[in-house]
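S.K.: Take this structure first; my questions come after.
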Amino acid sequence: MKNKNLQILVILFIVLCGIQLLSGIGLFFYKIGFTYEMVGEYFLGNEDKFIMAKEFNGLLETSMFHFVGQLGVGFIVAHFILFIKEKSKLLIASGYLVLIFGLVDILSPYLIINFGAIFVWWKIIGFVGFEISMFYILINLLISFKNNKVR
C-alpha cells in the first residue's frame, strides 16, 4: 500500500477489531457461557435458578445493534481482503463466512425462543464461526501488511 496514512488507518482498524473480538468472547463467556446448557438457559430461562426467558422485544432491541455492528465490521474486514495481493481460497471463503456466521449468530436467538433448544447449537456455531473467521482475516491482513503484500 503506497499511502502511509491509509496503511496506518487500516492497521489501527485491525487492532481495534482484534480488541472487539476479545471483548466479544469475554462478554459471551461471562453473560451466556459456552456450553449447550448455559446458552439454552440464557435464552429459554430456568425457573429453578430464577432466570427469565428472553422475549422477542428484548432480542429485537439487542439484535438491531448487533446486526449493524457485526455485519458492518464483517463487511469492512471482508472487503479488506481485496487489498491482499496473494489470496488463498480459505481467505476468500472466510470473507463470506464472516458474514454468514454473523447472520446465524444474530438470528439464532429468535429460532431458540420460537422453536426450542435444538437451535442452541446454531448460536454457538454462529458465534464461534464468526470469531474464528474474523480472527483469520485479521491475522492474514496483518501478515500481508508486515510482508508488504498489499496493494
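We name chains A, B, ... following the order of the C-alpha cells; residues begin at 1 in each chain, and ligands are numbered from 1 as shown.
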Please give the complete set of residues from range 25-59 of chain A that DSSP, run on the backbone, assigns to helix (DSSP H, G or I), formatted as a ChimeraX atom specification.

M.R.: /A:25-32,36-44,56-59

S.K.: Got a sec: who's within 8 Å of range 70-80 of chain A, counting only C-alpha atoms, leaving out chain neighbours fewer than 3 positions off, as a count of residues only?

M.R.: 16

S.K.: What lies within 10 Å of Phe119 in chain A using only C-alpha atoms, ignoring chain neighbours under 4 positions off, as number ranges by chain?

M.R.: A: 36, 40, 108-115, 123-125

S.K.: Those residues with C-alpha atoms, as a PDB file, in the first residue's frame please?

M.R.:
```pdb
ATOM      1  CA  TYR A  36     -25.231 -26.067  25.362  1.00  0.00           C
ATOM      2  CA  GLY A  40     -30.167 -22.673  26.368  1.00  0.00           C
ATOM      3  CA  SER A 108     -30.360 -17.912  16.086  1.00  0.00           C
ATOM      4  CA  PRO A 109     -31.802 -16.489  19.339  1.00  0.00           C
ATOM      5  CA  TYR A 110     -35.120 -15.962  17.527  1.00  0.00           C
ATOM      6  CA  LEU A 111     -35.077 -19.598  16.473  1.00  0.00           C
ATOM      7  CA  ILE A 112     -34.266 -20.680  20.029  1.00  0.00           C
ATOM      8  CA  ILE A 113     -37.144 -18.792  21.655  1.00  0.00           C
ATOM      9  CA  ASN A 114     -39.653 -19.720  18.943  1.00  0.00           C
ATOM     10  CA  PHE A 115     -38.716 -23.299  18.049  1.00  0.00           C
ATOM     11  CA  LYS A 123     -25.986 -19.837  18.320  1.00  0.00           C
ATOM     12  CA  ILE A 124     -22.772 -21.455  19.494  1.00  0.00           C
ATOM     13  CA  ILE A 125     -21.609 -22.307  15.965  1.00  0.00           C
TER      14      ILE A 125
END
```

S.K.: Show which residues sit within 10 Å of range 21-26 of chain A, as a ChimeraX atom specification. Count only C-alpha atoms, and ignore same-chain residues fewer than 5 positions away.

M.R.: /A:15-16,31-34,127-128,130-132,134-135

S.K.: Convert the current residue selection to file output with C-alpha atoms, as a PDB file, in the first residue's frame.

M.R.:
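Output contents, as saved in part-v8.pdb:
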```pdb
ATOM      1  CA  VAL A  15      -6.131  -3.685  16.083  1.00  0.00           C
ATOM      2  CA  LEU A  16      -9.497  -2.269  17.201  1.00  0.00           C
ATOM      3  CA  LYS A  31     -23.031 -13.398  30.255  1.00  0.00           C
ATOM      4  CA  ILE A  32     -24.049 -16.555  28.414  1.00  0.00           C
ATOM      5  CA  GLY A  33     -21.419 -19.296  28.668  1.00  0.00           C
ATOM      6  CA  PHE A  34     -20.116 -21.719  26.068  1.00  0.00           C
ATOM      7  CA  PHE A 127     -20.661 -17.056  17.390  1.00  0.00           C
ATOM      8  CA  VAL A 128     -17.560 -19.250  17.294  1.00  0.00           C
ATOM      9  CA  PHE A 130     -17.822 -15.500  13.318  1.00  0.00           C
ATOM     10  CA  GLU A 131     -14.979 -15.043  15.781  1.00  0.00           C
ATOM     11  CA  ILE A 132     -12.678 -17.570  14.077  1.00  0.00           C
ATOM     12  CA  MET A 134     -12.831 -12.670  11.646  1.00  0.00           C
ATOM     13  CA  PHE A 135      -9.625 -13.579  13.512  1.00  0.00           C
TER      14      PHE A 135
END
```

S.K.: Of the candidates A:Leu27, A:Ile11, A:Leu97, A:Ala53, which shows the shortest atom-to-atom distance to Asn140 in chain A, using only C-alpha atoms?

M.R.: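 Between A:Leu27, A:Ile11, A:Leu97, A:Ala53, the residue approaching Asn140 in chain A most closely is A:Ile11.
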
S.K.: So, with only C-alpha atoms as the atoms that count, which of A:Trp122, A:Asp105, A:Asn3, A:Lys85 lies closest to Asn147 in chain A?

M.R.: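 Nearest candidate to Asn147 in chain A out of A:Trp122, A:Asp105, A:Asn3, A:Lys85: A:Lys85.
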
S.K.: For a test of reading the model, state the distance in Å between CA of Ala93 in chain A and CA of Gly129 in chain A, rounded to one decimal.

M.R.: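 Separation of CA of Ala93 in chain A and CA of Gly129 in chain A: 12.1 Å.
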
S.K.: Please determine, counting only C-alpha atoms, which residue among A:Val104, A:Ile19, A:Leu44, A:Val68 has the shortest atom-to-atom distance to Trp121 in chain A.

M.R.: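 For Trp121 in chain A, the nearest of the given residues is A:Val104.
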
S.K.: With distances taken over only C-alpha atoms, which of A:Asn46, A:Asn57, A:Lys4, A:Gly18 is nearest to Ser133 in chain A?

M.R.: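 With only C-alpha atoms as the atom set, the closest residue is A:Gly18.
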
S.K.: Tell me, as a list in words, which residues lie within 12 Å of Gln7 in chain A, counting only C-alpha atoms; anything in the same chain fewer than 4 positions away does not count.

M.R.: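 Non-adjacent residues within range: Met1, Lys2, Asn3, Ile11, Leu12, Phe13, Ile14, Phe80, Phe83, Leu141, Leu142, Ser144, Phe145, Lys146, Asn148, Lys149, Val150 and Arg151 of chain A.
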
S.K.: Please produce an output containing C-alpha atoms for each residue in the selection, written as a PDB file, in the first residue's frame.

M.R.:
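That gives us result12.pdb:
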```pdb
ATOM      1  CA  MET A   1       0.000   0.000   0.000  1.00  0.00           C
ATOM      2  CA  LYS A   2       1.609   3.241  -1.120  1.00  0.00           C
ATOM      3  CA  ASN A   3      -0.317   5.694   1.037  1.00  0.00           C
ATOM      4  CA  ILE A  11      -3.717  -1.276  10.854  1.00  0.00           C
ATOM      5  CA  LEU A  12      -5.420   0.686  13.644  1.00  0.00           C
ATOM      6  CA  PHE A  13      -8.783  -0.620  12.450  1.00  0.00           C
ATOM      7  CA  ILE A  14      -7.421  -4.179  12.528  1.00  0.00           C
ATOM      8  CA  PHE A  80     -10.032  -5.506   3.025  1.00  0.00           C
ATOM      9  CA  PHE A  83      -6.067  -5.287  -0.745  1.00  0.00           C
ATOM     10  CA  LEU A 141      -4.226  -8.760   6.872  1.00  0.00           C
ATOM     11  CA  LEU A 142      -1.558  -8.055   9.484  1.00  0.00           C
ATOM     12  CA  SER A 144       0.224  -9.123   4.482  1.00  0.00           C
ATOM     13  CA  PHE A 145       0.942  -5.622   5.749  1.00  0.00           C
ATOM     14  CA  LYS A 146       4.084  -6.815   7.521  1.00  0.00           C
ATOM     15  CA  ASN A 148       4.312  -5.653   2.166  1.00  0.00           C
ATOM     16  CA  LYS A 149       1.945  -7.866   0.131  1.00  0.00           C
ATOM     17  CA  VAL A 150      -0.878  -5.362  -0.145  1.00  0.00           C
ATOM     18  CA  ARG A 151      -1.928  -3.054  -2.943  1.00  0.00           C
TER      19      ARG A 151
END
```

S.K.: In terms of the shortest atom-to-atom distance over only C-alpha atoms, which of A:Phe28, A:Gly126, A:Leu107, A:Ile118 is closest to Ser63 in chain A?

M.R.: A:Leu107
